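Just upload18.txt here, compact mmCIF, C-alpha atoms:
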```txt
# COMPACT_ATOMS: atom_id res chain seq x y z
CA GLY A 1 102.45 95.69 69.89
CA ASN A 2 100.63 96.38 73.13
CA SER A 3 97.26 98.06 73.40
CA VAL A 4 94.07 98.14 75.45
CA THR A 5 90.53 98.57 74.16
CA GLN A 6 87.63 99.22 76.47
CA MET A 7 83.99 99.85 75.85
CA GLU A 8 82.89 103.37 75.11
CA GLY A 9 80.79 105.16 77.62
CA PRO A 10 79.03 106.65 79.24
CA VAL A 11 77.38 103.72 80.93
CA THR A 12 74.27 104.69 82.88
CA LEU A 13 72.82 102.31 85.44
CA SER A 14 70.33 102.43 88.26
CA GLU A 15 71.52 101.77 91.79
CA GLU A 16 71.85 98.04 92.59
CA ALA A 17 72.17 97.09 88.91
CA PHE A 18 74.84 94.69 87.67
CA LEU A 19 77.87 96.28 86.05
CA THR A 20 80.14 94.98 83.30
CA ILE A 21 82.77 97.11 81.62
CA ASN A 22 84.52 95.25 78.83
CA CYS A 23 88.27 95.39 78.34
CA THR A 24 90.34 93.50 75.78
CA TYR A 25 94.03 93.72 75.17
CA THR A 26 96.80 92.84 72.76
CA ALA A 27 100.23 92.20 74.18
CA THR A 28 103.56 90.63 73.50
CA GLY A 29 104.79 88.49 76.33
CA TYR A 30 102.91 88.06 79.60
CA PRO A 31 101.40 91.33 80.77
CA SER A 32 99.98 92.29 84.12
CA LEU A 33 96.50 93.81 83.98
CA PHE A 34 94.98 96.57 86.08
CA TRP A 35 91.77 98.49 86.62
CA TYR A 36 91.99 102.07 87.84
CA VAL A 37 89.18 104.39 88.92
CA GLN A 38 89.15 108.18 88.65
CA TYR A 39 86.65 110.21 90.65
CA PRO A 40 85.87 113.76 89.49
CA GLY A 41 88.77 116.15 89.98
CA GLU A 42 91.13 113.47 91.26
CA GLY A 43 93.96 111.28 90.03
CA LEU A 44 93.67 107.59 89.21
CA GLN A 45 93.41 105.07 92.01
CA LEU A 46 94.31 101.41 91.65
CA LEU A 47 91.13 99.35 91.94
CA LEU A 48 92.45 95.84 91.32
CA LYS A 49 95.09 93.91 89.45
CA ALA A 50 95.94 90.44 88.10
CA THR A 51 99.40 89.33 87.16
CA LYS A 52 98.88 86.00 85.39
CA ALA A 53 96.29 84.04 83.45
CA ASP A 54 93.20 82.94 85.41
CA ASP A 55 94.01 85.27 88.31
CA LYS A 56 91.01 87.12 89.70
CA GLY A 57 91.55 90.58 91.11
CA SER A 58 88.94 91.93 93.52
CA ASN A 59 88.37 95.00 95.65
CA LYS A 60 85.35 96.88 97.07
CA GLY A 61 82.91 94.46 95.41
CA PHE A 62 84.53 94.83 91.98
CA GLU A 63 86.23 91.89 90.32
CA ALA A 64 87.94 91.01 87.06
CA THR A 65 89.45 87.77 85.76
CA TYR A 66 92.54 87.60 83.55
CA ARG A 67 91.43 85.54 80.55
CA LYS A 68 94.34 84.71 78.28
CA GLU A 69 92.28 82.69 75.82
CA THR A 70 90.00 85.66 75.07
CA THR A 71 92.61 88.36 75.90
CA SER A 72 90.08 90.02 78.18
CA PHE A 73 89.89 91.56 81.65
CA HIS A 74 86.27 92.63 82.08
CA LEU A 75 85.31 94.57 85.20
CA GLU A 76 82.17 93.43 87.06
CA LYS A 77 80.22 94.41 90.14
CA GLY A 78 77.06 92.77 91.32
CA SER A 79 75.29 95.82 92.72
CA VAL A 80 76.49 99.33 91.93
CA GLN A 81 76.02 102.36 94.17
CA VAL A 82 75.76 106.05 93.37
CA SER A 83 79.21 106.44 94.90
CA ASP A 84 80.65 104.19 92.15
CA SER A 85 80.05 106.92 89.58
CA ALA A 86 83.49 107.61 88.12
CA VAL A 87 85.68 106.92 85.09
CA TYR A 88 87.21 103.44 84.93
CA PHE A 89 90.46 102.70 83.09
CA CYS A 90 91.80 99.32 82.05
CA ALA A 91 95.59 99.12 81.74
CA LEU A 92 98.35 96.66 81.03
CA SER A 93 102.02 96.54 81.80
CA ALA A 94 104.41 94.28 79.97
CA GLY A 95 107.46 95.29 81.95
CA PHE A 96 110.17 97.92 81.65
CA ASN A 97 108.01 100.68 83.14
CA LYS A 98 105.69 100.83 80.16
CA PHE A 99 101.95 101.04 80.83
CA TYR A 100 99.19 101.09 78.24
CA PHE A 101 95.83 102.57 79.17
CA GLY A 102 92.42 102.24 77.64
CA SER A 103 90.49 105.39 76.84
CA GLY A 104 88.34 105.16 79.97
CA THR A 105 84.66 104.38 80.52
CA LYS A 106 82.48 106.81 82.39
CA LEU A 107 79.94 105.22 84.72
CA ASN A 108 76.90 107.13 85.92
CA VAL A 109 74.80 105.49 88.61
CA LYS A 110 71.36 106.99 89.25
CA PRO A 111 69.55 106.63 92.58
CA ASP B 1 99.60 103.49 101.80
CA VAL B 2 101.65 105.13 99.11
CA LYS B 3 101.19 108.83 98.97
CA VAL B 4 102.02 110.80 95.85
CA THR B 5 101.64 114.52 96.39
CA GLN B 6 101.48 117.11 93.64
CA SER B 7 102.19 120.59 94.86
CA SER B 8 99.30 122.38 93.16
CA ARG B 9 95.77 121.29 92.26
CA TYR B 10 95.18 124.25 89.96
CA LEU B 11 97.61 126.56 88.17
CA VAL B 12 97.03 129.42 85.78
CA LYS B 13 100.04 130.66 83.82
CA ARG B 14 100.65 132.99 80.92
CA THR B 15 102.03 132.02 77.53
CA GLY B 16 105.82 132.05 77.55
CA GLU B 17 106.20 131.59 81.31
CA LYS B 18 108.47 128.89 82.73
CA VAL B 19 106.33 126.50 84.76
CA PHE B 20 107.39 123.98 87.40
CA LEU B 21 105.15 121.13 88.46
CA GLU B 22 106.38 119.31 91.54
CA CYS B 23 105.69 115.78 92.69
CA VAL B 24 106.81 113.98 95.84
CA GLN B 25 106.29 110.33 96.83
CA ASP B 26 106.84 108.88 100.27
CA MET B 27 107.33 105.17 99.59
CA ASP B 28 110.91 105.01 98.32
CA HIS B 29 109.77 104.04 94.82
CA GLU B 30 112.45 103.87 92.15
CA ASN B 31 110.22 104.86 89.25
CA MET B 32 108.38 108.12 88.73
CA PHE B 33 106.28 109.25 85.80
CA TRP B 34 104.59 112.32 84.35
CA TYR B 35 101.43 111.90 82.25
CA ARG B 36 99.04 114.36 80.75
CA GLN B 37 95.35 113.61 80.43
CA ASP B 38 93.18 115.23 77.79
CA PRO B 39 89.57 114.49 76.81
CA GLY B 40 89.45 112.02 73.95
CA LEU B 41 93.20 111.36 74.09
CA GLY B 42 93.43 109.44 77.35
CA LEU B 43 96.68 109.33 79.31
CA ARG B 44 99.89 110.07 77.48
CA LEU B 45 103.33 109.57 78.97
CA ILE B 46 105.58 112.64 78.90
CA TYR B 47 108.69 111.44 80.76
CA PHE B 48 109.65 108.86 83.30
CA SER B 49 112.61 108.30 85.59
CA TYR B 50 113.88 105.00 86.95
CA ASP B 51 116.54 106.44 89.27
CA VAL B 52 117.95 109.68 90.58
CA LYS B 53 119.24 111.86 87.75
CA MET B 54 117.99 109.33 85.16
CA LYS B 55 115.20 110.11 82.73
CA GLU B 56 113.61 108.63 79.66
CA LYS B 57 111.38 110.30 77.09
CA GLY B 58 107.84 109.09 76.86
CA ASP B 59 105.44 109.48 73.98
CA ILE B 60 105.11 113.28 74.00
CA PRO B 61 108.24 114.89 75.48
CA GLU B 62 108.34 117.94 73.18
CA GLY B 63 108.11 121.20 75.08
CA TYR B 64 108.83 119.55 78.43
CA SER B 65 111.84 118.67 80.54
CA VAL B 66 112.18 116.92 83.89
CA SER B 67 114.45 116.89 86.90
CA ARG B 68 115.06 114.22 89.49
CA GLU B 69 117.70 115.29 91.98
CA LYS B 70 116.32 113.26 94.88
CA LYS B 71 114.63 109.89 94.84
CA GLU B 72 111.35 111.15 96.27
CA ARG B 73 110.93 114.19 94.02
CA PHE B 74 110.24 114.45 90.29
CA SER B 75 109.68 117.81 88.66
CA LEU B 76 108.12 118.58 85.30
CA ILE B 77 109.24 121.78 83.63
CA LEU B 78 107.52 123.65 80.84
CA GLU B 79 110.31 125.83 79.49
CA SER B 80 107.97 128.25 77.72
CA ALA B 81 104.34 127.49 78.35
CA SER B 82 101.95 127.46 75.41
CA THR B 83 98.18 127.26 75.24
CA ASN B 84 98.32 123.72 73.84
CA GLN B 85 99.88 122.64 77.13
CA THR B 86 96.66 123.41 78.96
CA SER B 87 95.84 120.02 80.46
CA MET B 88 95.56 117.83 83.54
CA TYR B 89 99.02 116.63 84.60
CA LEU B 90 99.32 113.43 86.60
CA CYS B 91 102.38 112.25 88.48
CA ALA B 92 102.81 108.58 89.37
CA SER B 93 105.34 106.32 91.04
CA SER B 94 106.02 102.59 91.20
CA LEU B 95 108.45 100.04 92.51
CA SER B 96 110.94 98.63 90.05
CA SER B 97 109.80 95.33 88.61
CA GLY B 98 111.14 93.67 85.50
CA GLN B 99 107.91 91.69 85.24
CA GLY B 100 105.79 94.83 85.12
CA ASN B 101 103.49 93.75 87.93
CA SER B 102 104.05 96.76 90.17
CA PRO B 103 101.12 99.15 89.81
CA LEU B 104 101.35 102.86 89.30
CA HIS B 105 100.34 105.06 92.22
CA PHE B 106 98.99 108.43 91.11
CA GLY B 107 98.81 111.86 92.66
CA ASN B 108 95.62 113.93 92.52
CA GLY B 109 96.72 115.83 89.47
CA THR B 110 97.47 119.44 88.60
CA ARG B 111 95.06 121.18 86.27
CA LEU B 112 97.16 123.70 84.35
CA THR B 113 95.61 126.47 82.30
CA VAL B 114 97.86 128.52 80.01
CA THR B 115 96.33 131.79 78.85
```

Let me see the file written as structure tokens.
Amino acid sequence: GNSVTQMEGPVTLSEEAFLTINCTYTATGYPSLFWYVQYPGEGLQLLLKATKADDKGSNKGFEATYRKETTSFHLEKGSVQVSDSAVYFCALSAGFNKFYFGSGTKLNVKP
Amino acid sequence: DVKVTQSSRYLVKRTGEKVFLECVQDMDHENMFWYRQDPGLGLRLIYFSYDVKMKEKGDIPEGYSVSREKKERFSLILESASTNQTSMYLCASSLSSGQGNSPLHFGNGTRLTVT
């Protein structure tokens, strides 16, 4: 079946630190992979996506590479800011309107 | 940019009331979804719709119904609200894509409290 596993949080970093949030998946077929971000009190916003193996999605300094060999889609950012504090969700879609979400990882960035 | 608008940010209802949550999208998307989000349980799909008047049950449809009379509007109905339906409700929309590479676009959510 299809599922997404992401690292438990919270993750606490100082401003300008390097960020990695791990995400691995299991899927039948050839899924598309997504990262969403949720700021307090808001809905989820699409951060980036990748639709095939070796694709790199990037946005706002965040990036993630679709690794089929390790079934991973880790989120990275070279230098986090306080404004990046939020909950990050990894998700996959294998077609037919079905999305699978990870449990979310809360990021706290301290000044 | 796609805009998905949920009619209320916060709602407080009493047990047994009939509750309507409304969602409108402005990008002519075929697909619309209702999720609920609870701490420790993540996002769970309640219902989705792939066309006007069409609906499919998600993972937790019990106690809910939906209505899609127009393409841009998708309503979630709690026929008789109960305290275990206290939650954050998220509406989303997407373009149709057999390959599954169209992302979901979410509204800001409705936090419903049933007392």

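Atom CA of A:Gly78 to atom CA of A:Glu63 spans 9.3 Å [interatomic distance, one decimal].
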
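Relative to atom CA of B:Ser7, atom CA of B:Glu62 is found at 22.7 Å.
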
Separation of atom CA of A:Val37 from atom CA of A:Ser85, in Å and rounded to one decimal = 9.5 Å

task = May I have the residues of chain A within 7 Å of chain B, counting all atoms listed in the file, written as a PyMOL selection string?
result = chain A and resi 32+42-45+51+93-97+101+103

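Each of A:Gln38, A:Gly104, A:Lys60, A:Thr65 was compared to A:Ser79 using all atoms listed in the file, and A:Lys60 turns out to be the nearest.
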
query = Please, which residues are within 12 Å of (92.3, 90.0, 92.9) by the file's coordinates, counting all atoms listed in the file, and could they come as an MDAnalysis selection string?
reply = chainID A and resid 32:35 46:66 73 75

At most 10 Å from (97.4, 127.8, 76.6), file frame, only C-alpha atoms: which residues, as a CSV table (one decimal) with C-alpha atoms, keeping the file's coordinate frame?
```csv
chain,number,residue,atom,x,y,z
B,12,VAL,CA,97.0,129.4,85.8
B,13,LYS,CA,100.0,130.7,83.8
B,14,ARG,CA,100.6,133.0,80.9
B,15,THR,CA,102.0,132.0,77.5
B,16,GLY,CA,105.8,132.0,77.6
B,81,ALA,CA,104.3,127.5,78.4
B,82,SER,CA,102.0,127.5,75.4
B,83,THR,CA,98.2,127.3,75.2
B,84,ASN,CA,98.3,123.7,73.8
B,85,GLN,CA,99.9,122.6,77.1
B,86,THR,CA,96.7,123.4,79.0
B,87,SER,CA,95.8,120.0,80.5
B,112,LEU,CA,97.2,123.7,84.4
B,113,THR,CA,95.6,126.5,82.3
B,114,VAL,CA,97.9,128.5,80.0
B,115,THR,CA,96.3,131.8,78.8
```

Residue contacts of B:Val19 (9 Å, all atoms listed in the file) excluding same-chain residues fewer than 3 positions away, as a count of residues only = 7
